[in-house]
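What follows is a short report on a single structure.
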Amino acid sequence: MSASEGIREEIGAALATLNIAAMQFRELGEADAREVREAIEGSFMNARNRTWWWENFRLPSSSTRFNDGMAFTRICTVVPNPDEQVWFVAEDSQLPEYPVFESTPRLIQRVSGECYGFEYYLVDKNFSWLLCETHHDDFIALGDALRKRLEAVANREGEK
């Protein structure tokens with residue numbers, strides 16, 4: 001797969017490869033997705049409608065860059081519960097709005113491993129934490145508990 005195919009197609013192909021049912025990795029309809037995006041922006045951003053959300057966080061964050069360039073492999077280690085339903089927002093500059101999916105961190109980690117690198121955000125449904133990976137391979141956590149978990153993982157692995 002290539003970046004030119006679009007994030008929806010890339011994720012769809014990964015779901016097929018991994019034999020994950022669409023209901024386990026469900027894309028929200030546009031109205032629901034807009035509502036979730038607005039709630040995320042209101043909870044975590046200084047301004048709305050920015051291209052790269054990670055440039056606009058208003059809350060304290062912790063960030064690390066893992067030397068292997070595979071931050072996504074730590075999703076289940078960093079989030080509090082890898083089996084809870086969360087929002088997954090995939091950036092795609094070719095789309096007018098980022099698609100929003102509902103799934104678990106465990107499945108998101110597996111799907112991410114089958115895709116080309118793209119920026120994404122995981123957000124718990126209470127909007128108390130956010131985890132993202134940027135195109136610079138930065139892994140960024142917002143929310144006190146998640147920040148501490150990311151720092152602990154980075155310290156354990158000797159990353160900065």
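So you can find residues: chains in the structure tokens are A, B, ... in the order shown, residues in each start at 1, and ligands are numbered from 1 in order.
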
Do you know which residues are at most 10 Å from Pro99 (chain A) counting only C-alpha atoms, after dropping those on the same chain fewer than 2 positions away, and could you put them as a PyMOL selection string?
chain A and resi 7-8+27-30+33-34+37+88-92+95-97+101

Do you know which residues are at most 7 Å from Phe127 (chain A) counting only C-alpha atoms, after dropping those on the same chain fewer than 3 positions away, and could you put them as a compact mmCIF listing (two decimals) with N, CA and C atoms, in the first residue's frame?
# COMPACT_ATOMS: atom_id res chain seq x y z
N ILE A 40 -12.72 16.63 20.77
CA ILE A 40 -11.28 16.48 20.94
C ILE A 40 -10.61 17.85 20.87
N SER A 43 -11.29 19.82 23.97
CA SER A 43 -10.65 19.27 25.17
C SER A 43 -9.14 19.44 25.18
N VAL A 123 -7.94 8.62 21.60
CA VAL A 123 -8.53 9.45 22.65
C VAL A 123 -9.55 8.61 23.40
N ASP A 124 -9.45 8.61 24.73
CA ASP A 124 -10.45 7.86 25.49
C ASP A 124 -11.79 8.57 25.38

Taking only region 12-122 of chain A into account, list the residues labelled helix (DSSP H, G or I) by DSSP (computed from the backbone), as a ChimeraX atom specification.
/A:12-18,22-24,30-44,53-55,71-78,105-113

Have a look at A:Ala152, A:Cys132, A:Ala21, A:Ile11 and name the one nearest to Tyr116 (chain A); count only C-alpha atoms.
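When distances to Tyr116 (chain A) are compared using only C-alpha atoms, the smallest one comes from A:Ile11.
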
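What separates CA of Val111 (chain A) from CA of Met70 (chain A) is a distance of 13.0 Å.
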
Using only C-alpha atoms, determine which residues lie at most 10 Å from Thr77 (chain A), disregarding the query and same-chain residues fewer than 5 positions distant; provide the list as a VMD selection string.
chain A and resid 72 82 105 to 106 149 to 150 152 to 153

Find the residues near Asp68 (chain A): any atom within 12 Å, counting only C-alpha atoms, skip ones fewer than 2 places away on the same chain, and give them as an NGL selection string.
:A and (64-66 or 70-74 or 137-138 or 157 or 159)

Would you list, as a PyMOL selection string, the residues of region 36-109 of chain A that end up in strand (DSSP E) under DSSP run on this structure's backbone?
chain A and resi 61-65+86-90+100-103

Neighbours of region 12-16 of chain A within 12 Å (only C-alpha atoms; same-chain residues fewer than 4 positions away dropped), as an NGL selection string?
:A and (1-2 or 5-8 or 20-27 or 101 or 103 or 107-116)

Export, as a compact mmCIF listing (two decimals), in the first residue's frame, the selected residues with N, CA, C and O atoms.
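Everything below was put into result-v1.txt:
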# COMPACT_ATOMS: atom_id res chain seq x y z
N MET A 1 0.83 -1.19 0.00
CA MET A 1 0.00 0.00 0.00
C MET A 1 0.87 1.25 0.00
O MET A 1 1.97 1.24 0.51
N SER A 2 0.33 2.34 -0.48
CA SER A 2 1.08 3.59 -0.49
C SER A 2 0.21 4.70 0.07
O SER A 2 -1.01 4.59 0.12
N GLU A 5 -3.00 6.05 -1.71
CA GLU A 5 -4.26 5.33 -1.75
C GLU A 5 -5.28 5.89 -0.78
O GLU A 5 -6.45 5.60 -0.89
N GLY A 6 -4.87 6.62 0.21
CA GLY A 6 -5.78 7.18 1.17
C GLY A 6 -5.89 6.32 2.42
O GLY A 6 -5.75 5.09 2.37
N ILE A 7 -6.12 6.99 3.50
CA ILE A 7 -6.10 6.30 4.79
C ILE A 7 -7.25 5.32 4.95
O ILE A 7 -7.09 4.25 5.53
N ARG A 8 -8.42 5.66 4.44
CA ARG A 8 -9.55 4.72 4.56
C ARG A 8 -9.25 3.41 3.85
O ARG A 8 -9.52 2.34 4.38
N ILE A 20 -10.10 -8.71 10.60
CA ILE A 20 -10.79 -7.98 11.66
C ILE A 20 -12.12 -7.49 11.09
O ILE A 20 -12.14 -6.82 10.05
N ALA A 21 -13.19 -7.81 11.76
CA ALA A 21 -14.52 -7.41 11.30
C ALA A 21 -14.68 -5.90 11.37
O ALA A 21 -14.17 -5.24 12.28
N ALA A 22 -15.40 -5.35 10.40
CA ALA A 22 -15.62 -3.91 10.34
C ALA A 22 -16.23 -3.36 11.62
O ALA A 22 -15.93 -2.23 12.03
N MET A 23 -17.09 -4.12 12.29
CA MET A 23 -17.70 -3.63 13.52
C MET A 23 -16.71 -3.56 14.68
O MET A 23 -16.96 -2.89 15.66
N GLN A 24 -15.57 -4.22 14.56
CA GLN A 24 -14.54 -4.13 15.59
C GLN A 24 -13.64 -2.92 15.38
O GLN A 24 -12.88 -2.55 16.26
N PHE A 25 -13.74 -2.32 14.20
CA PHE A 25 -12.94 -1.15 13.84
C PHE A 25 -13.85 -0.28 12.97
O PHE A 25 -13.72 -0.20 11.77
N ARG A 26 -14.80 0.35 13.63
CA ARG A 26 -15.93 1.00 12.96
C ARG A 26 -15.65 2.47 12.67
O ARG A 26 -15.29 3.23 13.56
N GLU A 27 -15.82 2.86 11.41
CA GLU A 27 -15.71 4.27 11.07
C GLU A 27 -17.02 4.97 11.38
O GLU A 27 -18.10 4.49 11.01
N PHE A 101 -12.58 6.62 13.90
CA PHE A 101 -12.95 5.23 14.06
C PHE A 101 -13.15 4.94 15.54
O PHE A 101 -12.59 5.62 16.40
N SER A 103 -12.59 1.79 18.11
CA SER A 103 -11.98 0.47 18.24
C SER A 103 -11.26 0.41 19.58
O SER A 103 -11.43 1.28 20.42
N LEU A 107 -6.49 -3.47 18.90
CA LEU A 107 -6.71 -3.61 17.46
C LEU A 107 -6.05 -2.47 16.69
O LEU A 107 -5.52 -2.68 15.59
N ILE A 108 -6.06 -1.28 17.25
CA ILE A 108 -5.42 -0.14 16.59
C ILE A 108 -3.93 -0.41 16.43
O ILE A 108 -3.35 -0.14 15.37
N GLN A 109 -3.30 -0.98 17.43
CA GLN A 109 -1.88 -1.31 17.33
C GLN A 109 -1.64 -2.31 16.21
O GLN A 109 -0.71 -2.16 15.41
N ARG A 110 -2.48 -3.33 16.13
CA ARG A 110 -2.31 -4.35 15.08
C ARG A 110 -2.51 -3.74 13.69
O ARG A 110 -1.72 -4.01 12.77
N VAL A 111 -3.56 -2.95 13.53
CA VAL A 111 -3.85 -2.33 12.23
C VAL A 111 -2.73 -1.37 11.84
O VAL A 111 -2.29 -1.36 10.69
N SER A 112 -2.24 -0.59 12.79
CA SER A 112 -1.14 0.35 12.50
C SER A 112 0.09 -0.37 11.96
O SER A 112 0.79 0.16 11.10
N GLY A 113 0.34 -1.57 12.45
CA GLY A 113 1.48 -2.34 11.99
C GLY A 113 1.38 -2.80 10.54
O GLY A 113 2.39 -3.14 9.92
N GLU A 114 0.17 -2.78 10.00
CA GLU A 114 -0.05 -3.20 8.61
C GLU A 114 -0.11 -2.02 7.64
O GLU A 114 -0.26 -2.22 6.45
N CYS A 115 -0.02 -0.80 8.17
CA CYS A 115 -0.20 0.40 7.35
C CYS A 115 1.12 1.15 7.19
O CYS A 115 2.05 0.99 7.97
N TYR A 116 1.16 2.00 6.17
CA TYR A 116 2.28 2.92 6.04
C TYR A 116 2.21 3.89 7.22
O TYR A 116 1.18 4.02 7.88

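As for CA of Asn46 (chain A) and CA of Pro60 (chain A), they are spaced 11.9 Å apart.
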
If you count only C-alpha atoms, which residues fall within 10 Å of Asp144 (chain A), apart from same-chain ones fewer than 2 positions away, as a list in words?
Leu59, Pro60, Ser61, Ser62, Ser128, Trp129, Ala141, Leu142, Leu146, Arg147, Lys148 and Arg149 of chain A

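Atom pair CA of Asn126 (chain A) / CA of Thr104 (chain A) has a distance of 14.3 Å (rounded to one decimal).
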